[in-house]
file query.cif (mmCIF, C-alpha atoms)
data_protein
#
loop_
_atom_site.label_atom_id
_atom_site.label_comp_id
_atom_site.auth_asym_id
_atom_site.auth_seq_id
_atom_site.Cartn_x
_atom_site.Cartn_y
_atom_site.Cartn_z
CA MET R 1 10.62 -16.93 -23.20
CA GLU R 2 9.32 -16.44 -19.66
CA TYR R 3 7.45 -13.26 -18.83
CA SER R 4 6.16 -11.93 -15.49
CA LEU R 5 3.09 -9.78 -14.87
CA GLY R 6 2.76 -7.27 -12.04
CA ILE R 7 -0.58 -5.63 -11.27
CA ASP R 8 -0.99 -2.52 -9.12
CA PHE R 9 -4.40 -1.78 -7.62
CA GLY R 10 -4.61 1.76 -6.28
CA THR R 11 -7.43 3.87 -4.95
CA SER R 12 -8.28 5.58 -8.24
CA GLY R 13 -7.15 3.06 -10.85
CA THR R 14 -5.05 0.06 -11.71
CA ARG R 15 -2.08 -0.74 -13.95
CA ALA R 16 -0.45 -3.89 -15.32
CA ILE R 17 3.16 -4.26 -16.50
CA VAL R 18 4.78 -7.31 -18.10
CA ILE R 19 8.56 -7.76 -18.03
CA ASP R 20 10.90 -10.27 -19.64
CA GLN R 21 13.78 -12.19 -18.05
CA GLN R 22 16.03 -9.11 -18.41
CA ASN R 23 13.46 -6.97 -16.53
CA GLN R 24 12.57 -5.03 -19.68
CA VAL R 25 9.00 -3.81 -20.03
CA LEU R 26 7.14 -5.64 -22.79
CA ALA R 27 3.56 -4.48 -22.31
CA GLU R 28 1.46 -2.16 -20.16
CA ALA R 29 -2.24 -1.66 -19.56
CA SER R 30 -4.21 0.60 -17.26
CA CYS R 31 -7.69 1.72 -16.35
CA THR R 32 -9.16 4.25 -13.96
CA PHE R 33 -12.01 3.82 -11.51
CA PRO R 34 -15.02 6.10 -11.66
CA GLY R 35 -16.36 7.58 -8.45
CA LEU R 36 -17.43 4.45 -6.61
CA SER R 37 -19.85 3.84 -3.80
CA PRO R 38 -18.62 1.23 -1.29
CA LYS R 39 -21.02 -1.39 -2.70
CA GLU R 40 -19.68 -0.89 -6.24
CA ARG R 41 -16.01 -1.50 -5.44
CA ILE R 42 -16.04 -5.30 -5.54
CA ASP R 43 -17.57 -5.56 -9.00
CA CYS R 44 -15.36 -2.74 -10.28
CA TRP R 45 -12.16 -4.36 -9.01
CA GLN R 46 -13.03 -7.72 -10.54
CA HIS R 47 -14.03 -6.17 -13.86
CA ALA R 48 -10.82 -4.11 -13.89
CA LEU R 49 -8.71 -7.23 -13.28
CA TRP R 50 -10.21 -9.06 -16.26
CA GLU R 51 -9.99 -5.91 -18.40
CA LEU R 52 -6.30 -5.42 -17.61
CA ILE R 53 -5.34 -8.99 -18.38
CA GLY R 54 -7.38 -8.89 -21.58
CA GLU R 55 -5.59 -5.74 -22.76
CA ILE R 56 -2.18 -7.43 -22.66
CA PRO R 57 -1.32 -8.63 -26.18
CA ALA R 58 -2.11 -12.30 -26.73
CA ASP R 59 1.45 -13.11 -27.83
CA VAL R 60 2.69 -11.73 -24.49
CA ARG R 61 0.05 -13.50 -22.40
CA SER R 62 1.03 -16.79 -24.00
CA HIS R 63 4.46 -16.59 -22.34
CA LEU R 64 3.42 -15.55 -18.83
CA GLN R 65 5.02 -17.69 -16.13
CA ALA R 66 4.31 -15.64 -12.99
CA ILE R 67 1.73 -13.07 -11.82
CA ALA R 68 1.66 -11.00 -8.62
CA ILE R 69 -0.69 -8.27 -7.41
CA ASN R 70 -0.24 -5.37 -4.99
CA GLY R 71 -3.04 -3.54 -3.24
CA THR R 72 -3.56 -0.67 -0.85
CA SER R 73 -2.42 -1.42 2.68
CA SER R 74 -5.13 -2.23 5.25
CA THR R 75 -7.92 -2.50 2.68
CA ILE R 76 -9.83 -5.60 3.79
CA LEU R 77 -12.78 -7.78 2.83
CA LEU R 78 -14.77 -10.26 4.91
CA CYS R 79 -15.62 -13.29 2.76
CA ASP R 80 -17.68 -16.46 2.98
CA GLU R 81 -16.41 -20.02 2.55
CA ASN R 82 -16.32 -19.55 -1.22
CA GLY R 83 -14.29 -16.33 -1.04
CA ILE R 84 -17.30 -14.13 -1.88
CA PRO R 85 -17.23 -10.78 -0.05
CA LEU R 86 -20.16 -10.37 2.32
CA TYR R 87 -19.78 -6.65 2.98
CA PRO R 88 -18.32 -3.65 1.15
CA PRO R 89 -14.54 -3.48 1.61
CA GLN R 90 -13.05 -1.44 4.41
CA MET R 91 -10.64 0.95 2.69
CA TYR R 92 -7.12 1.95 3.75
CA ASN R 93 -8.30 5.20 5.37
CA ASP R 94 -11.43 3.84 7.05
CA THR R 95 -11.17 3.64 10.83
CA CYS R 96 -12.71 1.57 13.58
CA ASP R 97 -14.74 3.04 16.40
CA PRO R 98 -12.86 4.40 19.45
CA ALA R 99 -14.16 1.63 21.73
CA SER R 100 -12.73 -1.10 19.48
CA LEU R 101 -9.36 0.63 19.35
CA GLU R 102 -9.37 0.95 23.12
CA LEU R 103 -10.12 -2.77 23.43
CA LEU R 104 -7.34 -3.65 21.01
CA THR R 105 -4.91 -1.44 22.95
CA SER R 106 -5.61 -3.57 26.02
CA LEU R 107 -4.70 -6.75 24.14
CA ALA R 108 -1.80 -5.96 21.80
CA PRO R 109 1.75 -5.08 22.92
CA ALA R 110 2.56 -1.41 23.30
CA GLY R 111 3.94 0.10 20.10
CA HIS R 112 2.57 -2.64 17.83
CA PRO R 113 1.59 -1.60 14.25
CA VAL R 114 -1.99 -2.80 14.80
CA LEU R 115 -2.58 -0.05 17.36
CA SER R 116 -3.99 2.37 14.84
CA ALA R 117 -7.67 2.99 14.15
CA SER R 118 -7.03 2.26 10.45
CA SER R 119 -5.08 -1.01 10.87
CA SER R 120 -6.50 -4.20 9.37
CA LEU R 121 -6.93 -5.79 12.79
CA ALA R 122 -8.64 -2.73 14.26
CA LYS R 123 -11.12 -2.75 11.37
CA LEU R 124 -11.75 -6.48 11.77
CA LEU R 125 -12.34 -6.10 15.49
CA GLY R 126 -14.64 -3.14 14.90
CA MET R 127 -16.66 -4.96 12.24
CA SER R 128 -16.96 -8.06 14.42
CA ARG R 129 -18.80 -5.91 16.96
CA THR R 130 -21.22 -4.35 14.46
CA VAL R 131 -22.01 -6.82 11.63
CA ASP R 132 -23.26 -10.41 11.45
CA MET R 133 -20.14 -12.61 11.35
CA THR R 134 -22.01 -15.93 11.11
CA SER R 135 -21.04 -16.65 7.49
CA VAL R 136 -17.60 -15.03 7.55
CA ARG R 137 -14.81 -17.55 6.95
CA TYR R 138 -11.93 -15.45 5.62
CA LEU R 139 -10.45 -12.02 6.04
CA MET R 140 -8.67 -11.09 2.83
CA HIS R 141 -6.77 -7.96 1.91
CA GLN R 142 -7.43 -6.35 -1.46
CA ALA R 143 -4.36 -7.98 -3.02
CA ASP R 144 -5.20 -11.37 -1.45
CA TRP R 145 -8.72 -11.38 -2.85
CA LEU R 146 -7.69 -10.35 -6.34
CA ALA R 147 -5.00 -13.06 -6.39
CA PHE R 148 -7.59 -15.55 -5.11
CA LEU R 149 -9.70 -14.81 -8.18
CA LEU R 150 -6.73 -16.09 -10.21
CA HIS R 151 -5.56 -19.11 -8.18
CA GLY R 152 -8.78 -20.09 -6.36
CA ARG R 153 -7.29 -20.71 -2.89
CA PRO R 154 -8.88 -18.44 -0.27
CA GLY R 155 -7.22 -17.54 3.00
CA LEU R 156 -3.65 -16.84 1.87
CA SER R 157 -1.72 -13.59 2.25
CA ASP R 158 1.78 -12.15 2.34
CA ASP R 159 3.63 -10.67 5.30
CA HIS R 160 3.61 -7.12 3.86
CA ASN R 161 -0.18 -6.95 3.72
CA SER R 162 -0.53 -8.88 6.98
CA LEU R 163 1.73 -6.63 9.06
CA LYS R 164 -1.15 -4.45 10.24
CA LEU R 165 -3.21 -7.55 10.87
CA GLY R 166 -0.82 -8.47 13.67
CA TYR R 167 1.47 -10.89 11.89
CA ASP R 168 5.15 -10.74 12.82
CA PRO R 169 7.19 -10.73 9.57
CA ALA R 170 10.14 -12.29 11.39
CA MET R 171 8.01 -15.45 11.68
CA THR R 172 7.38 -15.97 7.96
CA VAL R 173 8.98 -19.22 6.84
CA ALA R 174 7.10 -20.34 3.74
CA CYS R 175 8.80 -19.84 0.39
CA CYS R 176 7.21 -22.53 -1.79
CA PRO R 177 3.78 -24.17 -2.12
CA GLN R 178 4.78 -27.21 -0.05
CA ASP R 179 5.34 -24.96 2.95
CA ILE R 180 1.76 -23.66 2.98
CA GLY R 181 0.07 -25.18 6.02
CA ARG R 182 3.31 -25.33 8.02
CA ILE R 183 3.52 -21.63 8.66
CA ALA R 184 4.33 -20.16 12.07
CA ALA R 185 1.29 -19.04 14.06
CA TYR R 186 0.19 -15.53 14.89
CA PRO R 187 1.61 -14.12 18.15
CA ASP R 188 0.49 -15.50 21.50
CA TRP R 189 -1.52 -12.40 22.39
CA PHE R 190 -4.07 -13.45 19.76
CA HIS R 191 -5.17 -16.24 22.07
CA GLN R 192 -7.20 -13.84 24.21
CA PRO R 193 -10.89 -13.18 23.64
CA PRO R 194 -12.28 -11.61 21.56
CA LEU R 195 -9.23 -11.99 19.26
CA SER R 196 -9.21 -15.74 19.81
CA GLN R 197 -12.66 -15.93 18.18
CA LEU R 198 -11.34 -14.04 15.15
CA LEU R 199 -8.14 -16.07 14.77
CA PRO R 200 -9.72 -18.73 12.48
CA LEU R 201 -10.58 -15.98 9.98
CA LEU R 202 -7.00 -14.77 9.56
CA PRO R 203 -4.96 -15.77 6.49
CA GLN R 204 -1.99 -18.05 6.38
CA VAL R 205 1.01 -15.90 5.57
CA ILE R 206 3.80 -16.58 3.10
CA ARG R 207 6.71 -14.59 1.74
CA PRO R 208 5.93 -11.91 -0.86
CA GLY R 209 6.70 -13.25 -4.31
CA ALA R 210 6.45 -16.89 -3.26
CA PRO R 211 4.40 -19.04 -5.68
CA ILE R 212 0.98 -20.04 -4.37
CA GLY R 213 -0.27 -22.15 -7.24
CA PRO R 214 -1.09 -22.16 -10.95
CA ILE R 215 -3.73 -19.97 -12.55
CA GLN R 216 -7.17 -21.55 -12.60
CA PRO R 217 -7.60 -23.68 -15.75
CA ARG R 218 -10.70 -21.82 -16.98
CA LEU R 219 -8.82 -18.50 -16.79
CA ALA R 220 -5.80 -19.99 -18.52
CA ARG R 221 -8.06 -21.03 -21.39
CA GLN R 222 -10.00 -17.74 -21.43
CA PHE R 223 -6.91 -15.51 -21.62
CA GLY R 224 -4.50 -17.82 -23.43
CA ILE R 225 -2.12 -18.01 -20.46
CA PRO R 226 0.05 -21.13 -19.93
CA SER R 227 -1.58 -23.51 -17.46
CA GLU R 228 1.65 -23.66 -15.43
CA CYS R 229 1.73 -19.87 -14.86
CA GLN R 230 2.17 -19.35 -11.11
CA ILE R 231 0.15 -16.85 -9.10
CA CYS R 232 2.51 -15.46 -6.46
CA ALA R 233 1.97 -13.84 -3.08
CA GLY R 234 1.72 -10.09 -3.46
CA THR R 235 2.61 -6.98 -1.50
CA THR R 236 1.35 -3.49 -0.73
CA ASP R 237 1.44 -0.64 -3.21
CA SER R 238 4.09 1.35 -1.33
CA VAL R 239 6.47 -1.62 -0.96
CA ALA R 240 6.04 -2.36 -4.65
CA ALA R 241 6.94 1.26 -5.41
CA PHE R 242 10.08 0.88 -3.30
CA ILE R 243 11.12 -2.29 -5.15
CA ALA R 244 10.64 -0.48 -8.47
CA SER R 245 12.59 2.62 -7.44
CA GLY R 246 16.18 1.43 -7.58
CA ALA R 247 16.89 2.22 -3.91
CA THR R 248 19.21 -0.51 -2.60
CA GLN R 249 21.32 0.88 0.26
CA PRO R 250 20.49 1.66 3.91
CA GLY R 251 19.62 5.33 4.22
CA MET R 252 17.95 5.38 0.81
CA ALA R 253 14.24 6.09 0.90
CA VAL R 254 11.21 6.21 -1.34
CA THR R 255 8.38 8.68 -0.97
CA SER R 256 5.23 7.69 -2.82
CA LEU R 257 3.27 10.80 -3.78
CA GLY R 258 -0.07 9.28 -4.61
CA SER R 259 -3.45 9.84 -3.04
CA THR R 260 -1.59 9.73 0.25
CA LEU R 261 2.02 10.36 1.30
CA VAL R 262 3.92 7.15 2.07
CA LEU R 263 7.52 7.03 3.34
CA LYS R 264 9.80 3.96 3.22
CA LEU R 265 13.44 4.03 4.42
CA LEU R 266 15.77 1.06 4.03
CA SER R 267 17.24 0.21 7.42
CA PRO R 268 19.22 -2.60 9.05
CA THR R 269 17.12 -1.96 12.18
CA ARG R 270 13.46 -2.78 12.64
CA ILE R 271 11.33 -0.03 14.20
CA ASP R 272 7.71 -0.44 15.30
CA LEU R 273 6.20 2.47 17.23
CA ALA R 274 2.45 2.59 16.90
CA ASN R 275 2.15 5.79 18.90
CA TYR R 276 3.96 7.53 16.01
CA GLY R 277 2.49 5.41 13.21
CA ILE R 278 5.90 3.83 12.47
CA TYR R 279 6.08 0.23 11.27
CA SER R 280 8.56 -2.04 9.48
CA HIS R 281 8.21 -4.43 6.56
CA ARG R 282 10.82 -7.10 6.01
CA LEU R 283 12.64 -6.83 2.69
CA GLY R 284 15.34 -9.46 2.30
CA ASP R 285 17.97 -8.91 4.99
CA TYR R 286 16.78 -5.35 5.69
CA TRP R 287 13.71 -3.59 6.97
CA LEU R 288 11.59 -0.97 5.30
CA VAL R 289 10.71 1.40 8.11
CA GLY R 290 8.23 4.16 7.59
CA GLY R 291 4.65 5.24 7.74
CA ALA R 292 1.75 6.56 5.73
CA SER R 293 0.23 10.01 6.09
CA ASN R 294 -3.31 10.83 5.01
CA THR R 295 -2.07 14.02 3.37
CA GLY R 296 -1.16 13.84 -0.30
CA GLY R 297 -2.50 14.08 -3.81
CA ALA R 298 -6.12 13.43 -2.88
CA VAL R 299 -6.13 16.69 -0.91
CA LEU R 300 -4.65 18.60 -3.84
CA GLN R 301 -7.22 17.14 -6.21
CA SER R 302 -10.04 18.19 -3.91
CA PHE R 303 -9.10 21.83 -4.63
CA PHE R 304 -7.53 21.76 -8.10
CA SER R 305 -7.94 19.85 -11.34
CA THR R 306 -4.86 18.27 -12.90
CA PRO R 307 -4.54 21.05 -15.53
CA GLU R 308 -4.85 23.66 -12.77
CA LEU R 309 -2.10 21.98 -10.74
CA ILE R 310 0.19 22.03 -13.77
CA GLU R 311 -0.57 25.64 -14.63
CA LEU R 312 -0.44 27.08 -11.10
CA SER R 313 2.77 25.22 -10.21
CA GLN R 314 4.57 27.08 -13.00
CA HIS R 315 4.00 30.34 -11.14
CA ILE R 316 5.52 29.16 -7.83
CA ASP R 317 9.07 30.10 -6.83
CA PRO R 318 10.08 26.87 -5.02
CA SER R 319 13.15 28.52 -3.47
CA GLN R 320 10.94 30.78 -1.34
CA PRO R 321 9.21 29.19 1.69
CA SER R 322 5.49 29.72 2.05
CA PRO R 323 4.40 31.55 5.22
CA LEU R 324 1.31 29.30 5.41
CA ASN R 325 1.41 26.46 7.91
CA TYR R 326 -1.23 23.88 6.99
CA TYR R 327 -1.93 20.27 7.88
CA PRO R 328 -3.71 19.23 4.68
CA LEU R 329 -6.22 16.40 5.22
CA LEU R 330 -9.46 15.47 3.49
CA LYS R 331 -11.15 14.66 6.78
CA PRO R 332 -10.19 14.35 10.47
CA GLY R 333 -7.64 11.65 11.24
CA GLU R 334 -3.92 11.13 10.67
CA ARG R 335 -1.67 8.06 10.79
CA PHE R 336 1.92 9.31 10.52
CA PRO R 337 4.03 11.18 11.59
CA ILE R 338 1.22 12.01 14.01
CA ASN R 339 -1.00 9.07 14.91
CA ASP R 340 -4.23 10.77 15.88
CA PRO R 341 -7.58 9.53 14.49
CA LEU R 342 -9.16 12.83 15.57
CA LEU R 343 -6.58 15.25 14.13
CA GLU R 344 -8.45 18.03 12.36
CA PRO R 345 -7.43 19.32 8.92
CA GLN R 346 -5.71 22.71 9.05
CA LEU R 347 -6.37 24.61 5.81
CA THR R 348 -6.75 28.20 6.94
CA PRO R 349 -6.13 30.99 6.33
CA ARG R 350 -6.81 30.53 2.62
CA PRO R 351 -5.42 33.34 0.49
CA GLU R 352 -7.40 34.61 -2.48
CA ASP R 353 -4.50 33.91 -4.84
CA PRO R 354 -4.70 30.20 -5.84
CA VAL R 355 -0.94 30.13 -6.50
CA GLU R 356 -0.24 31.13 -2.90
CA PHE R 357 -2.75 28.55 -1.65
CA LEU R 358 -1.19 25.76 -3.72
CA GLN R 359 2.30 26.69 -2.57
CA GLY R 360 1.10 26.60 1.02
CA LEU R 361 -0.26 23.09 0.47
CA LEU R 362 2.91 21.83 -1.24
CA ASP R 363 5.21 23.39 1.36
CA SER R 364 3.14 21.94 4.20
CA MET R 365 3.15 18.45 2.70
CA ALA R 366 6.92 18.68 2.24
CA ARG R 367 7.23 19.75 5.88
CA ILE R 368 5.22 16.68 6.96
CA GLU R 369 7.46 14.45 4.82
CA ALA R 370 10.63 15.89 6.39
CA GLN R 371 9.11 15.53 9.85
CA GLY R 372 8.45 11.85 9.09
CA TYR R 373 12.02 11.06 8.02
CA HIS R 374 13.43 12.98 11.00
CA LEU R 375 11.20 10.94 13.29
CA LEU R 376 12.51 7.68 11.79
CA GLU R 377 16.12 8.73 12.34
CA THR R 378 15.35 9.82 15.89
CA HIS R 379 14.14 6.32 16.70
CA GLY R 380 17.05 4.36 15.23
CA ALA R 381 16.87 4.42 11.43
CA PRO R 382 20.04 5.38 9.53
CA PRO R 383 20.46 9.02 8.44
CA LEU R 384 18.64 9.89 5.25
CA LYS R 385 20.99 9.77 2.22
CA ALA R 386 18.68 10.20 -0.75
CA VAL R 387 14.99 10.08 -1.56
CA TYR R 388 13.53 8.50 -4.66
CA THR R 389 10.07 9.69 -5.63
CA ALA R 390 7.26 7.59 -7.04
CA GLY R 391 3.61 8.21 -7.75
CA GLY R 392 1.76 10.85 -9.71
CA GLY R 393 3.19 13.70 -7.65
CA ALA R 394 6.68 12.78 -8.85
CA GLN R 395 5.89 14.56 -12.13
CA ASN R 396 5.61 17.95 -10.39
CA THR R 397 9.15 19.37 -10.57
CA VAL R 398 8.23 22.39 -8.45
CA TRP R 399 7.04 20.12 -5.65
CA GLN R 400 10.25 18.10 -6.06
CA THR R 401 12.35 21.24 -5.52
CA ILE R 402 10.27 22.29 -2.50
CA ARG R 403 10.69 18.83 -0.99
CA GLN R 404 14.45 18.86 -1.51
CA ARG R 405 14.64 22.20 0.30
CA HIS R 406 12.91 20.64 3.31
CA LEU R 407 14.68 17.27 3.21
CA GLN R 408 18.21 18.60 2.64
CA VAL R 409 19.24 15.50 0.66
CA PRO R 410 19.14 14.75 -3.08
CA CYS R 411 15.70 13.89 -4.46
CA TYR R 412 15.49 11.74 -7.57
CA ALA R 413 12.72 10.37 -9.70
CA ALA R 414 12.44 6.63 -9.13
CA GLN R 415 14.12 4.54 -11.84
CA HIS R 416 10.71 3.06 -12.52
CA GLN R 417 7.71 5.10 -11.44
CA GLN R 418 5.09 2.38 -11.46
CA ALA R 419 4.39 0.10 -8.51
CA ALA R 420 3.25 -2.47 -11.07
CA TYR R 421 6.87 -2.73 -12.26
CA GLY R 422 8.03 -3.52 -8.72
CA THR R 423 5.30 -6.15 -8.45
CA ALA R 424 6.41 -7.69 -11.74
CA LEU R 425 9.97 -7.90 -10.34
CA LEU R 426 8.56 -9.58 -7.25
CA ALA R 427 6.75 -12.15 -9.38
CA ALA R 428 9.86 -12.78 -11.46
CA HIS R 429 12.52 -12.97 -8.76
CA GLY R 430 10.88 -13.09 -5.34
CA SER R 431 11.83 -10.68 -2.56
CA PRO R 432 14.88 -8.53 -3.46
CA LEU R 433 17.90 -7.58 -1.30
#
call {"tool": "encode", "arguments": {"input": "query.cif", "output": "structure tokens"}}
result
Amino acid sequence: MEYSLGIDFGTSGTRAIVIDQQNQVLAEASCTFPGLSPKERIDCWQHALWELIGEIPADVRSHLQAIAINGTSSTILLCDENGIPLYPPQMYNDTCDPASLELLTSLAPAGHPVLSASSSLAKLLGMSRTVDMTSVRYLMHQADWLAFLLHGRPGLSDDHNSLKLGYDPAMTVACCPQDIGRIAAYPDWFHQPPLSQLLPLLPQVIRPGAPIGPIQPRLARQFGIPSECQICAGTTDSVAAFIASGATQPGMAVTSLGSTLVLKLLSPTRIDLANYGIYSHRLGDYWLVGGASNTGGAVLQSFFSTPELIELSQHIDPSQPSPLNYYPLLKPGERFPINDPLLEPQLTPRPEDPVEFLQGLLDSMARIEAQGYHLLETHGAPPLKAVYTAGGGAQNTVWQTIRQRHLQVPCYAAQHQQAAYGTALLAAHGSPL
């Protein structure tokens, strides 16, 4: 029996799923994060990783042969030579200062995915201008660092997480441990100061799902995991959700309704347009084109509790458009379909009736989603055929109906809702399609 473990690290919690060789779920575990200060995140993530693995039944752990982890895109850590983070992590929605983005714009090609104030490279460049970099040896994404805790080899990443660090996914050649160290270099434009000084900190990049190395012996003993269990290169949370969804044909898309709103459309054509926040991940012979908006469930939860969202949604007629035209954001700044780090939230006028207010929020988010898919098609993606929905928002059937009215294509619940399931598939089989 050979089992595979996928772990999904989100912004508010984490989940683990184990599958067998027939892709059937054998075990699940989850935990939520309390409200965390930036300095608390590192310890919380590490504790959550050990807690999740420990919650998997011992008879399942004893058959694990592969483990992979996904994390939030563009969440980065600066680490010392031992892989110990030196500063609090920069989260997915943190942004660099305007001067650093302006400098990066002068160095990177027009339209490149790094040309966003929230990209991994923009954050690295911004931090390099404000913090002491003397002891920094590695930049690691959230998924990279968590996997490092398992395999013990710092400085390795996958091309999904590294896209917004400047890595070109068309260059990724490694697919097995022997290839590590013979990986194509970052693009030539990195060889300009100040990027040239940062180049030694960047990870080597291998294909998502490729084995990196066995689990550390002490962890194998601690958790009763076979010593030959391979820790594999991971991915981002939204790509993992796409893999789990069941979408397999060009024109099929996945919208992840989590803390944010993430769109992924399967396309034979690669599209990278930073001025619109559009970027492409490689997935087998296709490309996942899309973008991530800062609107989403976090905005809803800032106004309503989960029970309130359930109760109020029942009083909405989803067939009737809301007259309210919002741009729901927690704070200034948007990534896609408008790439504007200064875009202000638009949440007025606010009606006294909470049902009307909630409908206005849901309708406006659906409008942003439709605008995003239309933008992708305008710039060369295939026409939208169907949308699979993942994330916590997928449970809201009223929102689903509102979205279908805006999208004008069938909307389905993803075959598997959890990004951890997609990550388990990645560990078991490597990159799909």
call {"tool": "closest_residue", "arguments": {"input": "query.cif", "among": "R:Thr295, R:Thr389, R:Ser319, R:Ser106", "to": "R:Pro193", "atoms": "all atoms listed in the file"}}
result
R:Ser106
call {"tool": "closest_residue", "arguments": {"input": "query.cif", "among": "R:Asp43, R:Asp272, R:Glu356, R:Glu334", "to": "R:Asp168", "atoms": "only C-alpha atoms"}}
result
R:Asp272
call {"tool": "atom_distance", "arguments": {"input": "query.cif", "atom1": "atom CA of R:Leu86", "atom2": "atom CA of R:Tyr138"}}
result
10.2 Å
call {"tool": "residues_around", "arguments": {"input": "query.cif", "residues": "stretch 112-116 of chain R", "least_positions_apart": "4", "cutoff": "6 Å", "atoms": "all atoms listed in the file", "output": "ChimeraX atom specification"}}
result
/R:164,166,274,279
call {"tool": "closest_residue", "arguments": {"input": "query.cif", "among": "R:Thr423, R:Ser280, R:Gln395, R:Thr348", "to": "R:Gly111", "atoms": "all atoms listed in the file"}}
result
R:Ser280
call {"tool": "resolve_selection", "arguments": {"input": "query.cif", "expression": "the PyMOL selection byres ((chain R and resi 330) around 8)", "output": "list of chain:residue names"}}
result
R:Asn294, R:Thr295, R:Ala298, R:Val299, R:Ser302, R:Pro328, R:Leu329, R:Lys331, R:Pro332, R:Pro345
call {"tool": "write_last_selection", "arguments": {"input": "query.cif", "atoms": "C-alpha atoms", "output": "PDB file, in the frame of the given file"}}
result
ATOM      1  CA  ASN R 294      -3.310  10.830   5.010  1.00  0.00           C
ATOM      2  CA  THR R 295      -2.070  14.020   3.370  1.00  0.00           C
ATOM      3  CA  ALA R 298      -6.120  13.430  -2.880  1.00  0.00           C
ATOM      4  CA  VAL R 299      -6.130  16.690  -0.910  1.00  0.00           C
ATOM      5  CA  SER R 302     -10.040  18.190  -3.910  1.00  0.00           C
ATOM      6  CA  PRO R 328      -3.710  19.230   4.680  1.00  0.00           C
ATOM      7  CA  LEU R 329      -6.220  16.400   5.220  1.00  0.00           C
ATOM      8  CA  LYS R 331     -11.150  14.660   6.780  1.00  0.00           C
ATOM      9  CA  PRO R 332     -10.190  14.350  10.470  1.00  0.00           C
ATOM     10  CA  PRO R 345      -7.430  19.320   8.920  1.00  0.00           C
TER      11      PRO R 345
END
call {"tool": "closest_residue", "arguments": {"input": "query.cif", "among": "R:Ala233, R:Ile225, R:Cys44, R:Ile368", "to": "R:Gly296", "atoms": "only C-alpha atoms"}}
result
R:Ile368
call {"tool": "atom_distance", "arguments": {"input": "query.cif", "atom1": "atom CA of R:Pro34", "atom2": "atom CA of R:Gly13"}}
result
8.5 Å
